[in-house]
$ cat query_16.cif   # mmCIF, C-alpha atoms and all ligand atoms
data_model
#
loop_
_atom_site.label_atom_id
_atom_site.label_comp_id
_atom_site.auth_asym_id
_atom_site.auth_seq_id
_atom_site.Cartn_x
_atom_site.Cartn_y
_atom_site.Cartn_z
CA MET A 13 84.79 104.43 82.38
CA ASP A 14 86.84 101.24 82.67
CA ILE A 15 88.98 100.25 79.70
CA LYS A 16 87.95 96.76 78.60
CA VAL A 17 90.13 94.57 76.45
CA ASP A 18 87.92 91.83 75.10
CA HIS A 19 89.48 88.69 73.58
CA ILE A 20 92.01 90.50 71.41
CA SER A 21 94.56 88.86 69.15
CA LYS A 22 97.38 90.48 67.21
CA ALA A 23 99.93 88.97 64.84
CA TYR A 24 102.77 90.47 62.84
CA GLY A 25 102.97 88.33 59.72
CA GLU A 26 103.43 84.73 60.87
CA GLN A 27 104.19 85.75 64.45
CA GLN A 28 101.24 85.58 66.81
CA VAL A 29 102.02 88.13 69.52
CA LEU A 30 98.80 88.48 71.52
CA GLN A 31 96.27 85.66 71.56
CA ASP A 32 92.79 85.94 72.98
CA LEU A 33 93.82 88.44 75.66
CA SER A 34 91.13 89.88 77.92
CA CYS A 35 91.69 92.30 80.79
CA VAL A 36 90.22 95.39 82.43
CA PHE A 37 91.92 98.65 83.38
CA PRO A 38 89.60 100.12 86.01
CA GLU A 39 88.75 103.82 85.93
CA GLY A 40 90.88 105.91 88.26
CA LYS A 41 93.11 103.00 89.27
CA THR A 42 96.71 101.99 88.67
CA THR A 43 97.36 98.83 86.66
CA CYS A 44 100.80 97.39 85.92
CA ILE A 45 101.40 95.36 82.78
CA ARG A 46 104.14 92.76 83.18
CA GLY A 47 105.60 89.96 81.12
CA ARG A 48 108.86 88.75 79.65
CA SER A 49 110.67 90.69 76.97
CA GLY A 50 108.95 90.35 73.60
CA CYS A 51 105.65 89.02 75.00
CA GLY A 52 103.63 91.90 73.53
CA LYS A 53 103.43 94.62 76.21
CA THR A 54 104.23 97.45 73.80
CA THR A 55 101.91 95.90 71.24
CA LEU A 56 99.08 96.08 73.80
CA ILE A 57 99.97 99.70 74.61
CA ARG A 58 99.87 100.58 70.90
CA LEU A 59 96.42 99.00 70.63
CA LEU A 60 95.19 100.89 73.72
CA LEU A 61 96.46 104.14 72.19
CA ARG A 62 94.75 103.21 68.92
CA LEU A 63 98.02 103.45 67.00
CA ASP A 64 97.23 99.99 65.69
CA VAL A 65 94.15 97.75 65.54
CA PRO A 66 93.68 94.20 66.82
CA ASP A 67 93.14 91.38 64.31
CA LYS A 68 90.37 90.01 66.49
CA GLY A 69 88.47 91.20 69.54
CA LYS A 70 87.77 94.75 70.67
CA ILE A 71 88.86 97.41 73.13
CA GLU A 72 86.23 99.56 74.83
CA GLY A 73 86.66 102.75 76.83
CA VAL A 74 89.46 104.48 74.93
CA GLY A 75 87.47 106.13 72.14
CA ASP A 76 86.66 109.58 73.47
CA ARG A 77 89.13 109.93 76.31
CA LYS A 78 92.12 112.17 76.70
CA LEU A 79 95.12 109.88 76.75
CA SER A 80 98.72 110.84 77.36
CA ALA A 81 101.69 108.50 76.98
CA VAL A 82 105.35 107.86 77.63
CA PHE A 83 106.84 105.57 74.98
CA GLN A 84 110.02 103.53 75.30
CA GLU A 85 111.68 106.18 73.11
CA ASP A 86 111.62 109.76 74.37
CA ARG A 87 109.97 111.19 71.23
CA LEU A 88 110.97 114.75 72.15
CA CYS A 89 111.55 117.68 69.80
CA GLU A 90 115.34 117.67 69.85
CA ASN A 91 116.02 121.33 69.25
CA LEU A 92 113.51 122.64 71.76
CA SER A 93 114.04 123.12 75.49
CA ALA A 94 112.33 120.91 78.06
CA ALA A 95 109.87 123.72 78.81
CA SER A 96 108.97 124.12 75.12
CA ASN A 97 108.50 120.37 74.71
CA ILE A 98 106.15 120.31 77.68
CA ARG A 99 104.27 123.49 76.72
CA LEU A 100 103.67 122.12 73.21
CA VAL A 101 101.22 119.55 74.59
CA CYS A 102 99.56 121.65 77.30
CA THR A 103 96.27 123.31 76.49
CA GLU A 104 96.40 125.43 79.63
CA THR A 105 99.26 127.82 80.25
CA ILE A 106 101.90 126.42 82.54
CA THR A 107 103.81 129.04 84.50
CA ASP A 108 107.59 128.96 84.95
CA ARG A 109 106.97 128.37 88.64
CA GLU A 110 104.82 125.29 87.99
CA LEU A 111 107.49 123.96 85.65
CA GLU A 112 110.20 124.56 88.24
CA GLU A 113 108.17 122.62 90.79
CA ALA A 114 107.77 119.75 88.33
CA TYR A 115 111.51 119.67 87.50
CA LYS A 116 112.36 119.69 91.19
CA ALA A 117 109.94 116.86 91.92
CA VAL A 118 111.84 114.56 89.54
CA ALA A 119 115.31 115.87 90.45
CA LEU A 120 115.88 117.72 87.18
CA THR A 121 118.02 120.80 87.68
CA GLU A 122 119.81 123.32 85.53
CA ILE A 123 118.18 122.26 82.30
CA TRP A 124 116.24 125.45 81.73
CA GLN A 125 117.40 126.79 78.40
CA LYS A 126 119.21 123.83 76.89
CA PRO A 127 117.78 122.04 73.84
CA VAL A 128 116.86 118.53 74.96
CA ARG A 129 119.44 117.01 72.56
CA GLU A 130 122.06 118.29 75.04
CA LEU A 131 120.51 116.50 78.02
CA SER A 132 121.54 113.10 79.37
CA GLY A 133 119.43 110.02 78.61
CA GLY A 134 117.99 109.98 82.13
CA MET A 135 117.12 113.68 81.97
CA ARG A 136 115.36 113.20 78.64
CA ARG A 137 113.37 110.31 80.11
CA ARG A 138 112.15 112.54 82.89
CA VAL A 139 111.23 115.34 80.46
CA SER A 140 109.08 112.88 78.51
CA ILE A 141 107.48 111.73 81.78
CA LEU A 142 106.71 115.33 82.80
CA ARG A 143 105.23 115.99 79.36
CA ALA A 144 102.77 113.12 79.81
CA LEU A 145 101.94 114.13 83.38
CA LEU A 146 101.40 117.83 82.67
CA ALA A 147 99.36 117.32 79.49
CA GLU A 148 95.61 117.45 80.00
CA SER A 149 94.50 113.82 80.23
CA ASP A 150 92.35 111.46 82.24
CA CYS A 151 94.36 108.34 81.42
CA VAL A 152 98.16 108.12 81.44
CA ILE A 153 99.89 105.20 79.71
CA MET A 154 103.60 104.59 80.37
CA ASP A 155 105.81 101.99 78.70
CA GLU A 156 108.82 101.29 80.94
CA PRO A 157 109.19 104.99 81.69
CA LEU A 158 111.90 104.64 84.34
CA ARG A 159 114.35 102.59 82.29
CA GLY A 160 117.90 103.85 82.81
CA LEU A 161 117.22 105.87 85.95
CA ASP A 162 119.03 105.12 89.21
CA GLU A 163 117.04 103.75 92.13
CA LYS A 164 116.79 107.00 94.09
CA THR A 165 115.59 108.94 91.04
CA ARG A 166 113.14 106.17 90.15
CA ALA A 167 111.60 106.31 93.64
CA LYS A 168 111.33 110.12 93.53
CA THR A 169 109.84 110.06 90.03
CA ILE A 170 107.29 107.42 91.02
CA ASP A 171 106.16 109.65 93.93
CA TYR A 172 105.52 112.46 91.45
CA ILE A 173 103.79 110.12 88.99
CA LEU A 174 101.44 109.02 91.77
CA LYS A 175 100.77 112.60 92.84
CA LYS A 176 99.97 113.77 89.32
CA THR A 177 97.85 110.75 88.37
CA GLU A 178 95.69 110.75 91.48
CA GLY A 179 92.12 110.00 90.39
CA LYS A 180 93.28 109.18 86.85
CA THR A 181 93.64 105.81 85.17
CA LEU A 182 97.34 104.88 85.12
CA ILE A 183 98.60 102.02 82.95
CA PHE A 184 102.26 101.27 83.60
CA VAL A 185 104.46 98.69 81.87
CA THR A 186 107.34 97.45 84.00
CA HIS A 187 109.71 94.50 84.32
CA GLU A 188 110.50 95.45 87.88
CA GLU A 189 108.57 93.96 90.76
CA LYS A 190 109.86 96.79 92.94
CA GLU A 191 108.27 99.43 90.71
CA ALA A 192 104.89 97.69 90.92
CA VAL A 193 105.21 97.75 94.72
CA TRP A 194 106.28 101.42 94.82
CA LEU A 195 103.33 102.25 92.57
CA LYS A 196 100.94 100.51 94.97
CA ALA A 197 99.29 99.12 91.85
CA ASP A 198 95.65 98.18 92.30
CA ARG A 199 96.09 95.29 89.89
CA THR A 200 98.50 93.72 87.45
CA VAL A 201 97.98 92.28 83.98
CA ASP A 202 100.47 89.51 83.30
CA ILE A 203 100.93 88.74 79.63
CA LEU A 204 101.80 85.09 79.48
CA THR A 205 103.38 83.31 76.53
CA LYS A 206 103.65 79.66 75.64
CA HIS A 207 107.48 79.79 75.51
N1 LIG A 301 105.82 96.53 63.85
C1 LIG A 301 106.20 95.27 64.03
N2 LIG A 301 106.43 94.45 63.00
C2 LIG A 301 106.80 93.17 63.19
N3 LIG A 301 107.00 92.61 64.40
C3 LIG A 301 106.79 93.38 65.46
C4 LIG A 301 106.38 94.75 65.35
N4 LIG A 301 106.24 95.26 66.61
C5 LIG A 301 106.57 94.27 67.46
N5 LIG A 301 106.88 93.14 66.77
C6 LIG A 301 107.25 91.84 67.38
O1 LIG A 301 106.24 91.51 68.31
C7 LIG A 301 106.80 90.91 69.47
C8 LIG A 301 106.33 91.68 70.69
O2 LIG A 301 106.92 92.99 70.69
P1 LIG A 301 106.59 94.05 71.84
O3 LIG A 301 107.43 95.25 71.55
O4 LIG A 301 105.13 94.23 71.94
O5 LIG A 301 107.13 93.27 73.14
P2 LIG A 301 107.39 93.78 74.62
O6 LIG A 301 106.75 92.81 75.54
O7 LIG A 301 106.98 95.19 74.74
O8 LIG A 301 108.97 93.65 74.72
P3 LIG A 301 110.05 94.43 75.63
O9 LIG A 301 109.76 94.08 77.07
O10 LIG A 301 111.36 93.88 75.15
O11 LIG A 301 109.89 95.91 75.34
C9 LIG A 301 108.31 90.92 69.27
O12 LIG A 301 108.73 89.66 68.87
C10 LIG A 301 108.52 91.93 68.17
O13 LIG A 301 109.64 91.61 67.39
#
$ encode --input "query_16.cif" --output "structure tokens"
Amino acid sequence: MDIKVDHISKAYGEQQVLQDLSCVFPEGKTTCIRGRSGCGKTTLIRLLLRLDVPDKGKIEGVGDRKLSAVFQEDRLCENLSAASNIRLVCTETITDRELEEAYKAVALTEIWQKPVRELSGGMRRRVSILRALLAESDCVIMDEPLRGLDEKTRAKTIDYILKKTEGKTLIFVTHEEKEAVWLKADRTVDILTKH
């Protein structure tokens, strides 16, 4: 089922962030959300994830789906290992071998037993990406997931994102034109502002 955003508006106090926005995220396709800093990309993501509600308009197609997400913050359990963080959200058992393959695919090595608080920022990013990709879901929503990663690691991680989201709906917020190209996005949603 496509996700349909129908004439939504959202304000925080006096500040109108989204105004009469309509767009479609087609089923099984990749859509990039772009726009200048502060234009409301994360606000839209929060509405899609139903963490907040629009003031006006409606969003269809998110109600009874399995969504997984990467937020701008890692939102990991600090004292647990990467494997434990990932296994916490997986309904099916993930073997050590499958986890090793996933780590390798995003160039994560030698992190096995460490609590994630001891990992670098870029490593933690990739753990949160793996968590969203390995969780059971039919729609993956990512808010600037590759921020802080070097170009080679970004390219490798995008390859794995594409592999793991094949046939799923992928919604990906990025500032980087290059990332949209690497993702071979089927469409883009540009959030425009008056400023
Ligand atoms: N909970 C909140 N309360 C008040 N204002 C908020 C809240 N969340 C976001 N805003 C404001 O809404 C505007 C849009 O924020 P949002 O995080 O959606 O932008 P963004 O496009 O994701 O920005 P960036 O690219 O910098 O991450 C900003 O001006 C922000 O200060």
$ residues_near_ligand --input "query_16.cif" --ligand "ligand LIG 301 (chain A)" --cutoff "7 Å" --atoms "all atoms listed in the file" --output "PDB file with C-alpha atoms, keeping the file's coordinate frame"
ATOM      1  CA  TYR A  24     102.770  90.470  62.840  1.00  0.00           C
ATOM      2  CA  VAL A  29     102.020  88.130  69.520  1.00  0.00           C
ATOM      3  CA  GLY A  47     105.600  89.960  81.120  1.00  0.00           C
ATOM      4  CA  ARG A  48     108.860  88.750  79.650  1.00  0.00           C
ATOM      5  CA  SER A  49     110.670  90.690  76.970  1.00  0.00           C
ATOM      6  CA  GLY A  50     108.950  90.350  73.600  1.00  0.00           C
ATOM      7  CA  CYS A  51     105.650  89.020  75.000  1.00  0.00           C
ATOM      8  CA  GLY A  52     103.630  91.900  73.530  1.00  0.00           C
ATOM      9  CA  LYS A  53     103.430  94.620  76.210  1.00  0.00           C
ATOM     10  CA  THR A  54     104.230  97.450  73.800  1.00  0.00           C
ATOM     11  CA  THR A  55     101.910  95.900  71.240  1.00  0.00           C
ATOM     12  CA  LEU A  56      99.080  96.080  73.800  1.00  0.00           C
TER      13      LEU A  56
END
$ atom_distance --input "query_16.cif" --atom1 "CA of Arg87 (chain A)" --atom2 "CA of Pro157 (chain A)"
12.2 Å
$ atom_distance --input "query_16.cif" --atom1 "CA of Leu30 (chain A)" --atom2 "CA of Arg58 (chain A)"
12.2 Å
$ closest_residue --input "query_16.cif" --among "A:Gly40, A:Pro127, A:Gly25, A:Gly160" --to "Gln84 (chain A)" --atoms "all atoms listed in the file"
A:Gly160
$ atom_distance --input "query_16.cif" --atom1 "CA of Phe37 (chain A)" --atom2 "CA of Ala167 (chain A)"
23.5 Å
$ closest_residue --input "query_16.cif" --among "A:Thr200, A:Ser149, A:Thr177, A:Thr169" --to "Val74 (chain A)" --atoms "only C-alpha atoms"
A:Ser149
$ closest_residue --input "query_16.cif" --among "A:Trp194, A:Ser21, A:Ala147, A:Lys175" --to "Ser80 (chain A)" --atoms "only C-alpha atoms"
A:Ala147
$ closest_atom_pairs --input "query_16.cif" --of "region 95-160 of chain A" --to "region 61-73 of chain A" --cutoff "12 Å" --atoms "all atoms listed in the file" --output "JSON lines"
{"residue": "A:Asp150", "atom": "CA", "partner": "A:Gly73", "partner_atom": "CA", "distance": 11.7}
{"residue": "A:Cys151", "atom": "CA", "partner": "A:Leu61", "partner_atom": "CA", "distance": 10.4}
{"residue": "A:Val152", "atom": "CA", "partner": "A:Leu61", "partner_atom": "CA", "distance": 10.2}
{"residue": "A:Ile153", "atom": "CA", "partner": "A:Leu61", "partner_atom": "CA", "distance": 8.3}
{"residue": "A:Met154", "atom": "CA", "partner": "A:Leu61", "partner_atom": "CA", "distance": 10.9}
{"residue": "A:Asp155", "atom": "CA", "partner": "A:Leu61", "partner_atom": "CA", "distance": 11.6}
$ closest_residue --input "query_16.cif" --among "A:His187, A:Leu79, A:Asn91, A:Val128" --to "Leu145 (chain A)" --atoms "only C-alpha atoms"
A:Leu79
$ residues_around --input "query_16.cif" --residues "Thr42 (chain A)" --least-positions-apart "2" --cutoff "7 Å" --atoms "only C-alpha atoms" --output "MDAnalysis selection string"
chainID A and resid 44 181:183 197:199
$ residues_around --input "query_16.cif" --residues "Asp171 (chain A)" --least-positions-apart "6" --cutoff "12 Å" --atoms "only C-alpha atoms" --output "list in words"
Ala114, Ala117, Val118, Ala119, Lys164, Thr165, Thr177, Glu178, Glu191, Val193, Trp194, Leu195 and Lys196 of chain A
$ axis_aligned_box --input "query_16.cif" --around "region 60-72 of chain A" --padding-each-side "5 Å" --output "AutoDock Vina command-line options"
--center_x 92.1 --center_y 97.1 --center_z 69.6 --size_x 21.8 --size_y 24.1 --size_z 20.5
$ residues_around --input "query_16.cif" --residues "Ser93 (chain A)" --least-positions-apart "3" --cutoff "12 Å" --atoms "only C-alpha atoms" --output "ChimeraX atom specification"
/A:88-90,96-100,122-131,135-136,139-140,143
$ build_atoms --input "query_16.cif" --residues "region 149-167 of chain A" --atoms "N, CA and C atoms" --output "PDB file, in the frame of the given file"
ATOM      1  N   SER A 149      94.910 115.185  80.577  1.00  0.00           N
ATOM      2  CA  SER A 149      94.500 113.820  80.230  1.00  0.00           C
ATOM      3  C   SER A 149      93.762 113.202  81.403  1.00  0.00           C
ATOM      4  N   ASP A 150      92.966 112.179  81.119  1.00  0.00           N
ATOM      5  CA  ASP A 150      92.350 111.460  82.240  1.00  0.00           C
ATOM      6  C   ASP A 150      92.862 110.028  82.317  1.00  0.00           C
ATOM      7  N   CYS A 151      93.748 109.671  81.392  1.00  0.00           N
ATOM      8  CA  CYS A 151      94.360 108.340  81.420  1.00  0.00           C
ATOM      9  C   CYS A 151      95.815 108.482  80.954  1.00  0.00           C
ATOM     10  N   VAL A 152      96.746 108.006  81.776  1.00  0.00           N
ATOM     11  CA  VAL A 152      98.160 108.120  81.440  1.00  0.00           C
ATOM     12  C   VAL A 152      98.709 106.701  81.222  1.00  0.00           C
ATOM     13  N   ILE A 153      99.368 106.512  80.069  1.00  0.00           N
ATOM     14  CA  ILE A 153      99.890 105.200  79.710  1.00  0.00           C
ATOM     15  C   ILE A 153     101.404 105.294  79.587  1.00  0.00           C
ATOM     16  N   MET A 154     102.132 104.474  80.349  1.00  0.00           N
ATOM     17  CA  MET A 154     103.600 104.590  80.370  1.00  0.00           C
ATOM     18  C   MET A 154     104.246 103.247  80.093  1.00  0.00           C
ATOM     19  N   ASP A 155     105.139 103.226  79.097  1.00  0.00           N
ATOM     20  CA  ASP A 155     105.810 101.990  78.700  1.00  0.00           C
ATOM     21  C   ASP A 155     107.254 102.001  79.209  1.00  0.00           C
ATOM     22  N   GLU A 156     107.494 101.325  80.296  1.00  0.00           N
ATOM     23  CA  GLU A 156     108.820 101.290  80.940  1.00  0.00           C
ATOM     24  C   GLU A 156     109.442 102.684  81.034  1.00  0.00           C
ATOM     25  N   PRO A 157     108.732 103.602  81.705  1.00  0.00           N
ATOM     26  CA  PRO A 157     109.190 104.990  81.690  1.00  0.00           C
ATOM     27  C   PRO A 157     110.473 105.242  82.487  1.00  0.00           C
ATOM     28  N   LEU A 158     110.781 104.350  83.424  1.00  0.00           N
ATOM     29  CA  LEU A 158     111.900 104.640  84.340  1.00  0.00           C
ATOM     30  C   LEU A 158     113.184 103.936  83.939  1.00  0.00           C
ATOM     31  N   ARG A 159     113.179 103.330  82.740  1.00  0.00           N
ATOM     32  CA  ARG A 159     114.350 102.590  82.290  1.00  0.00           C
ATOM     33  C   ARG A 159     115.568 103.511  82.243  1.00  0.00           C
ATOM     34  N   GLY A 160     116.658 103.064  82.853  1.00  0.00           N
ATOM     35  CA  GLY A 160     117.900 103.850  82.810  1.00  0.00           C
ATOM     36  C   GLY A 160     118.071 104.824  83.949  1.00  0.00           C
ATOM     37  N   LEU A 161     117.074 104.946  84.822  1.00  0.00           N
ATOM     38  CA  LEU A 161     117.220 105.870  85.950  1.00  0.00           C
ATOM     39  C   LEU A 161     117.742 105.109  87.173  1.00  0.00           C
ATOM     40  N   ASP A 162     118.535 105.791  88.006  1.00  0.00           N
ATOM     41  CA  ASP A 162     119.030 105.120  89.210  1.00  0.00           C
ATOM     42  C   ASP A 162     117.881 104.975  90.217  1.00  0.00           C
ATOM     43  N   GLU A 163     118.128 104.138  91.225  1.00  0.00           N
ATOM     44  CA  GLU A 163     117.040 103.750  92.130  1.00  0.00           C
ATOM     45  C   GLU A 163     116.419 104.942  92.871  1.00  0.00           C
ATOM     46  N   LYS A 164     117.295 105.847  93.337  1.00  0.00           N
ATOM     47  CA  LYS A 164     116.790 107.000  94.090  1.00  0.00           C
ATOM     48  C   LYS A 164     115.913 107.888  93.196  1.00  0.00           C
ATOM     49  N   THR A 165     116.364 108.102  91.969  1.00  0.00           N
ATOM     50  CA  THR A 165     115.590 108.940  91.040  1.00  0.00           C
ATOM     51  C   THR A 165     114.298 108.246  90.639  1.00  0.00           C
ATOM     52  N   ARG A 166     114.369 106.913  90.496  1.00  0.00           N
ATOM     53  CA  ARG A 166     113.140 106.170  90.150  1.00  0.00           C
ATOM     54  C   ARG A 166     112.090 106.342  91.252  1.00  0.00           C
ATOM     55  N   ALA A 167     112.534 106.212  92.510  1.00  0.00           N
ATOM     56  CA  ALA A 167     111.600 106.310  93.640  1.00  0.00           C
ATOM     57  C   ALA A 167     110.975 107.713  93.679  1.00  0.00           C
TER      58      ALA A 167
END
